[in-house]
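*Asks:* Let me begin by handing over the structure; questions about it come next.
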Amino acid sequence: MAAAIGSRPTTNPHPRVDRRGVALCLVSAFGFGCMAIFAKDAYKQDLGITALLALRFGLAALIFWAIARLRGPIVLPPRRVLLAGLGLGAFGYAAQSGLFFGAVKRMDASTTSLLLYTYPAIVFIAALALRRERADRRRLAALALAIAGTALVLLGGGGSGSFETVGVVMALGAAVAYSTYILVADSVVPKLDPFLLSALIATGGAATFWLAGVLDGGLDVSLSAHGWLDIAGIVLVSTILPVSAFLAGLKRVGPSTASILSCFEPVVTVSLAMALYGERLGPGQLAGGVLVLAAVILLQAKVRSDDASAHAPGPAPARAIARELA
């Protein structure tokens, strides 16, 4: 909290942790971590990827617009920003989601989740190339951990689940697409209301998948009751709830802490996949997953002043809210 005007600034070596903020971020990570599990079950109900994502983004868009309206009158941004938000969903996020859900259909949910979580390292490498970030020992160490961890996940073996080249390429492609999406969002989207931005992104994604479904005939939404439960889980538990919880937690603990707590997400996916589907990571893959998560924590760790600035009034920075629909 900012010091009072005219008071002498003091430094608290042991700042108080906002437990509610931490809990909200963990709830968010849990919801996102369930997504691959719901997707696995939805595929067993003969639901195709296009139909699944069309329903996910279409229903999520309706709910986000409703939330944005409940928060006050909706004031649309300038045309350039409006099109940028829709484009982020229609192209960037649609590509990430299509690749991720395609990988989940071909491989274990646990392996797919760990490979997707290479995206912070990819963002860092791209930011270095674009001269948006500078290298230091901590970040270079994190990059080395991420590379070693990814290699162990790919080469570790010994697990119980499926592992195929196409699935690996799609999972890593999802990480690249997501990294591109975050970098673009960070540069073209100003400080919009996060729920309005979520509504725009979801609307863009819905347009892409509904159009794709109409063109290729893959938009069969005649689902069983079980299939609709999976869709409800993906929309409510793995989209609306985690986005809302993340934004609420972000406001309390700041982007650095919120991003680090988000590392709980693949832990949830791996744990549920083991419990529900009997998936098992080999010793090498498990070690690789630990290294990837350690790299994420190092890359996301910011100086304390970054978090302090995040508590200032106003919407969260674009990079912090760009990951909400992950």
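Residue numbers start at 1 in each chain; chains themselves are named A, B, ... in the order of the structure tokens; ligands are numbered from 1 in the order shown.
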List the spatial neighbours of A:Ala23 as a compact mmCIF listing (two decimals) with N, CA and C atoms, in the first residue's frame - criterion: any atom at most 10 Å away, only C-alpha atoms, same-chain residues fewer than 6 positions off excluded.
*Replies:*
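Contents of the output file around_23.txt:
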```
# COMPACT_ATOMS: atom_id res chain seq x y z
N ALA A 29 -6.07 -21.27 -10.54
CA ALA A 29 -5.19 -22.30 -11.08
C ALA A 29 -5.89 -23.66 -11.08
N ALA A 245 -11.65 -15.36 -10.59
CA ALA A 245 -10.82 -15.52 -9.39
C ALA A 245 -9.43 -14.94 -9.61
N PHE A 246 -8.87 -15.15 -10.80
CA PHE A 246 -7.54 -14.62 -11.09
C PHE A 246 -7.53 -13.09 -11.03
N GLY A 249 -7.84 -12.03 -7.44
CA GLY A 249 -6.60 -12.29 -6.73
C GLY A 249 -5.48 -11.37 -7.18
N LEU A 261 1.72 -18.16 -8.42
CA LEU A 261 0.70 -19.07 -7.90
C LEU A 261 0.00 -19.84 -9.02
```
*Asks:* So that I can see what lies close to A:Gly102, please list as an mmCIF file with C-alpha atoms, in the first residue's frame the residues with an atom at most 8 Å from it, counting only C-alpha atoms and leaving out residues fewer than 2 positions away in the same chain.
*Replies:*
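Saved result, part_29.cif, follows:
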```
data_model
loop_
_atom_site.group_PDB
_atom_site.id
_atom_site.type_symbol
_atom_site.label_atom_id
_atom_site.label_comp_id
_atom_site.auth_asym_id
_atom_site.auth_seq_id
_atom_site.Cartn_x
_atom_site.Cartn_y
_atom_site.Cartn_z
ATOM 1 C CA ILE A 49 -12.716 -30.213 -31.067
ATOM 2 C CA GLY A 98 -7.115 -25.473 -31.149
ATOM 3 C CA LEU A 99 -3.554 -26.765 -30.791
ATOM 4 C CA PHE A 100 -3.859 -27.394 -27.052
ATOM 5 C CA VAL A 104 -4.992 -33.304 -25.312
ATOM 6 C CA LYS A 105 -6.920 -35.555 -27.691
ATOM 7 C CA ARG A 106 -3.704 -37.264 -28.826
ATOM 8 C CA GLY A 167 0.699 -34.385 -30.137
ATOM 9 C CA MET A 170 0.743 -29.450 -31.237
#
```
*Asks:* Write out as a PyMOL selection string all residues of stretch 62-146 of chain A that DSSP puts in alpha helix (DSSP H) for this structure's backbone.
*Replies:* chain A and resi 62-70+79-87+94-106+109-116+119-129+137-146
*Asks:* List the neighbours of A:Arg252 out to 9 Å using only C-alpha atoms; skip same-chain residues closer than 6 positions along the sequence, and give me the result as JSON, numbers by chain.
*Replies:* {"A": [18, 20, 21, 22, 258, 311]}
*Asks:* Export, as a tab-separated table (two decimals), in the first residue's frame, the selected residues with N, CA and C atoms.
*Replies:*
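Result file is again24.tsv:
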```
chain	number	residue	atom	x	y	z
A	18	ASP	N	-1.58	-11.42	1.63
A	18	ASP	CA	-3.03	-11.36	1.52
A	18	ASP	C	-3.53	-12.78	1.26
A	20	ARG	N	-6.49	-14.07	1.27
A	20	ARG	CA	-7.63	-14.20	0.36
A	20	ARG	C	-7.18	-14.09	-1.09
A	21	GLY	N	-6.25	-13.19	-1.34
A	21	GLY	CA	-5.72	-13.06	-2.70
A	21	GLY	C	-5.02	-14.33	-3.15
A	22	VAL	N	-4.22	-14.91	-2.25
A	22	VAL	CA	-3.53	-16.17	-2.56
A	22	VAL	C	-4.55	-17.27	-2.84
A	258	ALA	N	0.65	-13.44	-8.40
A	258	ALA	CA	-0.44	-14.14	-9.09
A	258	ALA	C	0.11	-15.08	-10.14
A	311	HIS	N	-0.72	-2.53	-7.40
A	311	HIS	CA	-1.84	-2.26	-6.51
A	311	HIS	C	-2.39	-0.86	-6.70
```
*Asks:* Just how far from atom CA of A:Ala199 is atom CA of A:Gly217, in Å to one decimal?
*Replies:*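 So the answer is 26.0 Å.
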